[in-house]
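Shown below: coords-v3.cif, with mmCIF, C-alpha atoms.
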```cif
data_upload
#
loop_
_atom_site.label_atom_id
_atom_site.label_comp_id
_atom_site.auth_asym_id
_atom_site.auth_seq_id
_atom_site.Cartn_x
_atom_site.Cartn_y
_atom_site.Cartn_z
CA MET C 1 81.58 82.34 110.32
CA SER C 2 81.65 85.01 107.68
CA LEU C 3 83.10 88.44 108.42
CA ILE C 4 80.31 89.95 106.32
CA ARG C 5 76.94 89.89 108.09
CA GLU C 6 74.15 88.17 106.18
CA GLN C 7 72.13 91.36 106.00
CA ASP C 8 75.12 93.26 104.54
CA ALA C 9 75.84 90.38 102.16
CA VAL C 10 72.36 90.76 100.65
CA GLU C 11 72.94 94.47 100.00
CA ILE C 12 76.46 93.96 98.65
CA ARG C 13 75.29 91.17 96.33
CA GLN C 14 72.62 93.53 95.07
CA SER C 15 75.03 96.41 94.34
CA LEU C 16 77.54 94.05 92.67
CA ARG C 17 74.80 93.02 90.23
CA ASP C 18 75.49 96.35 88.52
CA MET C 19 79.00 95.23 87.55
CA PRO C 20 79.16 95.25 83.75
CA ASN C 21 82.55 93.53 83.54
CA PRO C 22 84.67 91.14 85.66
CA VAL C 23 87.04 92.52 88.29
CA ARG C 24 90.06 90.80 89.79
CA LEU C 25 91.20 91.32 93.37
CA ILE C 26 94.92 90.57 93.62
CA HIS C 27 95.89 90.06 97.24
CA PHE C 28 99.38 89.91 98.70
CA THR C 29 99.85 88.70 102.23
CA GLN C 30 102.17 87.10 104.70
CA GLU C 31 99.30 85.88 106.74
CA LEU C 32 101.06 84.46 109.78
CA ASN C 33 103.16 87.55 110.43
CA LEU C 34 100.42 90.14 110.14
CA GLU C 35 98.04 91.38 112.82
CA TYR C 36 95.00 91.27 110.54
CA GLY C 37 96.40 89.06 107.77
CA ARG C 38 93.96 86.20 108.26
CA GLU C 39 90.95 88.50 108.68
CA THR C 40 91.87 90.48 105.57
CA ARG C 41 92.11 87.37 103.45
CA GLU C 42 88.84 86.00 104.86
CA LEU C 43 87.05 89.28 104.22
CA LEU C 44 88.19 89.30 100.57
CA THR C 45 87.27 85.63 100.16
CA ASP C 46 83.78 86.28 101.52
CA LEU C 47 83.40 89.34 99.31
CA ALA C 48 84.55 87.57 96.13
CA ALA C 49 81.91 84.90 96.80
CA LEU C 50 79.14 87.50 96.48
CA SER C 51 79.50 87.96 92.71
CA ASP C 52 80.53 85.62 89.93
CA LYS C 53 82.09 88.64 88.22
CA LEU C 54 84.51 89.07 91.12
CA SER C 55 87.58 86.87 91.51
CA LEU C 56 90.36 86.70 94.08
CA GLU C 57 93.99 85.73 93.57
CA VAL C 58 96.22 85.40 96.62
CA TYR C 59 100.01 85.66 96.56
CA ASP C 60 102.68 85.37 99.21
CA PHE C 61 104.68 88.56 99.74
CA VAL C 62 107.92 86.63 100.33
CA LEU C 63 107.60 83.65 97.97
CA ASP C 64 105.89 85.20 94.93
CA LYS C 65 108.67 87.65 94.13
CA GLU C 66 107.81 88.11 90.46
CA LYS C 67 104.22 89.09 91.22
CA VAL C 68 105.38 91.42 93.99
CA LYS C 69 107.65 93.13 91.46
CA GLU C 70 104.99 93.19 88.75
CA TYR C 71 102.57 95.03 91.01
CA GLY C 72 105.15 97.14 92.82
CA VAL C 73 103.84 96.06 96.21
CA ASP C 74 105.98 97.43 99.05
CA LYS C 75 104.05 96.29 102.14
CA VAL C 76 101.34 93.83 103.13
CA PRO C 77 98.50 93.11 103.35
CA ALA C 78 97.99 94.68 99.91
CA THR C 79 95.00 94.39 97.61
CA ILE C 80 94.89 95.52 93.99
CA VAL C 81 91.60 96.14 92.21
CA ARG C 82 91.92 95.61 88.45
CA ASN C 83 90.19 94.37 85.34
CA GLY C 84 92.13 93.52 82.16
CA LYS C 85 94.15 96.59 83.07
CA ASP C 86 95.94 97.59 86.27
CA TYR C 87 94.95 101.21 86.96
CA GLY C 88 97.18 101.56 90.02
CA ILE C 89 94.40 101.18 92.57
CA ARG C 90 95.70 99.71 95.83
CA PHE C 91 94.51 99.06 99.37
CA TYR C 92 97.08 98.50 102.10
CA GLY C 93 95.77 97.03 105.34
CA ILE C 94 92.38 95.53 106.06
CA PRO C 95 89.65 97.22 104.01
CA ALA C 96 87.14 97.34 106.86
CA GLY C 97 84.71 100.01 108.00
CA TYR C 98 84.87 103.12 105.83
CA GLU C 99 87.49 101.50 103.63
CA PHE C 100 85.16 98.63 102.85
CA SER C 101 82.80 101.14 101.20
CA ALA C 102 85.79 102.55 99.33
CA LEU C 103 86.66 99.03 98.16
CA LEU C 104 83.13 98.42 96.88
CA ALA C 105 83.18 101.78 95.07
CA ALA C 106 86.55 100.92 93.50
CA ILE C 107 85.25 97.53 92.35
CA LEU C 108 82.23 99.12 90.67
CA ASP C 109 84.33 101.89 89.06
CA VAL C 110 86.93 99.41 87.76
CA SER C 111 84.17 97.16 86.45
CA ARG C 112 82.82 100.10 84.42
CA GLY C 113 86.37 101.13 83.46
CA SER C 114 85.44 104.75 84.00
CA SER C 115 84.87 107.17 86.86
CA SER C 116 82.07 109.55 87.70
CA LEU C 117 84.44 112.53 87.62
CA GLY C 118 83.48 115.68 85.72
CA GLU C 119 84.58 116.03 82.10
CA GLU C 120 86.82 118.98 82.93
CA THR C 121 88.58 117.00 85.66
CA LYS C 122 89.09 114.04 83.32
CA GLU C 123 90.57 116.29 80.62
CA LYS C 124 93.05 117.83 83.04
CA LEU C 125 94.02 114.41 84.40
CA HIS C 126 94.60 113.11 80.87
CA THR C 127 97.19 115.86 80.27
CA LEU C 128 99.36 114.84 83.25
CA SER C 129 102.87 114.09 82.08
CA VAL C 130 104.61 113.19 85.34
CA PRO C 131 104.07 110.13 87.54
CA VAL C 132 102.04 110.85 90.67
CA ARG C 133 101.73 108.51 93.63
CA LEU C 134 98.87 109.36 95.94
CA GLU C 135 98.96 107.71 99.35
CA VAL C 136 95.78 108.38 101.28
CA LEU C 137 96.22 107.54 104.95
CA VAL C 138 93.00 106.60 106.66
CA THR C 139 91.68 104.80 109.73
CA PRO C 140 88.85 102.23 109.72
CA THR C 141 86.22 104.28 111.59
CA MET Z 142 89.40 107.94 99.23
CA ARG Z 143 87.24 107.30 96.24
CA LEU Z 144 88.45 110.47 94.51
CA ALA Z 145 92.09 109.35 94.61
CA HIS Z 146 91.14 105.97 93.16
CA GLN Z 147 89.03 107.65 90.48
CA PHE Z 148 91.98 109.88 89.59
CA ALA Z 149 94.08 106.71 89.16
CA LEU Z 150 91.38 105.21 86.98
CA GLU Z 151 91.44 108.21 84.66
CA SER Z 152 95.18 108.86 84.46
CA GLU Z 153 97.90 106.39 83.56
CA GLN Z 154 100.33 108.61 85.47
CA ILE Z 155 98.51 108.26 88.79
CA THR Z 156 98.58 105.42 91.28
CA ALA Z 157 96.44 105.66 94.41
CA ASP Z 158 97.10 103.77 97.63
CA CYS Z 159 94.54 103.61 100.40
CA VAL Z 160 96.69 103.00 103.49
CA GLU Z 161 95.26 101.91 106.82
CA ALA Z 162 97.40 104.06 109.08
CA THR Z 163 97.15 101.99 112.27
CA GLU Z 164 98.50 98.89 110.50
CA PHE Z 165 101.48 100.82 109.15
CA PRO Z 166 102.55 102.96 112.13
CA ASP Z 167 106.07 103.59 110.78
CA LEU Z 168 104.64 105.14 107.61
CA ALA Z 169 102.09 107.13 109.62
CA THR Z 170 104.94 108.48 111.75
CA GLU Z 171 107.11 109.25 108.73
CA TYR Z 172 104.23 111.18 107.14
CA GLN Z 173 103.26 112.80 110.46
CA VAL Z 174 99.68 111.65 110.28
CA TYR Z 175 97.75 113.12 113.20
CA ALA Z 176 94.40 113.45 111.46
CA VAL Z 177 92.91 111.47 108.60
CA PRO Z 178 92.51 111.42 105.73
CA ARG Z 179 95.96 112.80 104.95
CA THR Z 180 97.03 112.44 101.33
CA VAL Z 181 100.72 112.25 100.52
CA LEU Z 182 101.75 113.08 96.97
CA ASN Z 183 105.01 111.58 95.68
CA GLY Z 184 106.15 111.19 99.28
CA ARG Z 185 106.62 114.90 99.90
CA HIS Z 186 103.50 117.01 99.35
CA PHE Z 187 100.53 116.85 101.70
CA ILE Z 188 96.82 117.36 101.21
CA GLU Z 189 94.71 117.58 104.36
CA GLY Z 190 91.22 116.20 104.76
CA ALA Z 191 88.65 115.01 102.25
CA LEU Z 192 88.38 117.69 99.58
CA PRO Z 193 85.73 118.13 96.89
CA GLU Z 194 86.74 117.04 93.38
CA GLN Z 195 87.79 120.46 92.03
CA GLN Z 196 89.85 121.39 95.09
CA PHE Z 197 91.53 117.99 95.20
CA LEU Z 198 92.43 118.31 91.51
CA ASP Z 199 93.83 121.82 92.07
CA ALA Z 200 95.86 120.58 95.05
CA VAL Z 201 97.34 117.71 92.98
CA LEU Z 202 98.12 119.96 89.99
CA GLN Z 203 99.69 122.59 92.21
CA ALA Z 204 101.83 120.07 94.08
CA ILE Z 205 103.38 118.62 90.92
CA THR Z 206 104.41 122.04 89.65
CA GLU Z 207 106.24 122.89 92.88
#
```
Target format structure tokens, applied to this file:
Amino acid sequence: MSLIREQDAVEIRQSLRDMPNPVRLIHFTQELNLEYGRETRELLTDLAALSDKLSLEVYDFVLDKEKVKEYGVDKVPATIVRNGKDYGIRFYGIPAGYEFSALLAAILDVSRGSSSLGEETKEKLHTLSVPVRLEVLVTPT
Amino acid sequence: MRLAHQFALESEQITADCVEATEFPDLATEYQVYAVPRTVLNGRHFIEGALPEQQFLDAVLQAITE
């Protein structure tokens, strides 16, 4: 049984039709040791099946050390949304509820390779000269 | 959440993690998360709630100059 309801799948498939370019979901897990590890992987698998421009790669947090290092993943489950470039967009934990909407928005933004931010905001962000890590703590509801 | 990810998309200096607090209780405790969303900047500055674009930008810019 899919974790995405058929009615939702129709809507998601529709919105993913707007993707101009392919997007890769890079998922790190340690399925057996995580509370929602299996569900998270299933959710991403079901989602990736809704667009041929969306692909999913799954890595093991313990065994795939080089990939863990490459992406700087420090906890699991972790999901990176990227195209040819890694923009530093990460989801930690199951992207369900509100976060599922955030995941869809991230996929569409990454597919376009640009955001809907104002020009002034973009200009200020482009002048940043120090690394900034934003961790947004959320809950699913 | 989307704002933080959009900021990451626009700036090579920014990475944005969406963290499900209940799955990472140790981190939620460390960052004293009692209400969400709570944004943590470089592990030591805090932004409360979901702010509009301009205010979120100002909060980020102010935090990195402190």
- Item | Hits from the PyMOL selection byres ((chain C) within 9 of (chain Z)), listed as a ChimeraX atom specification | /C:34-36,75,86-95,99,102-103,105-106,109-110,113-118,121-122,124-140
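Atom CA of Pro22 of chain C sits 9.0 Å away from atom CA of Arg82 of chain C.
Shortest separation to Arg13 of chain C among C:Leu104, C:Leu44, C:Leu56, C:Val76 occurs at residue C:Leu104, atoms counted being only C-alpha atoms.
Interatomic distance, atom CA of Gly72 of chain C to atom CA of Glu57 of chain C: 16.0 Å.
As for atom CA of Thr79 of chain C and atom CA of Gln203 of chain Z, they are spaced 29.1 Å apart.
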- Task: Please check which residues have atoms at most 12 Å from (76.1, 98.1, 95.7) in the file's coordinates, counting only C-alpha atoms, and write them as a ChimeraX atom specification.
- Result: /C:8-19,47,50-51,100-109
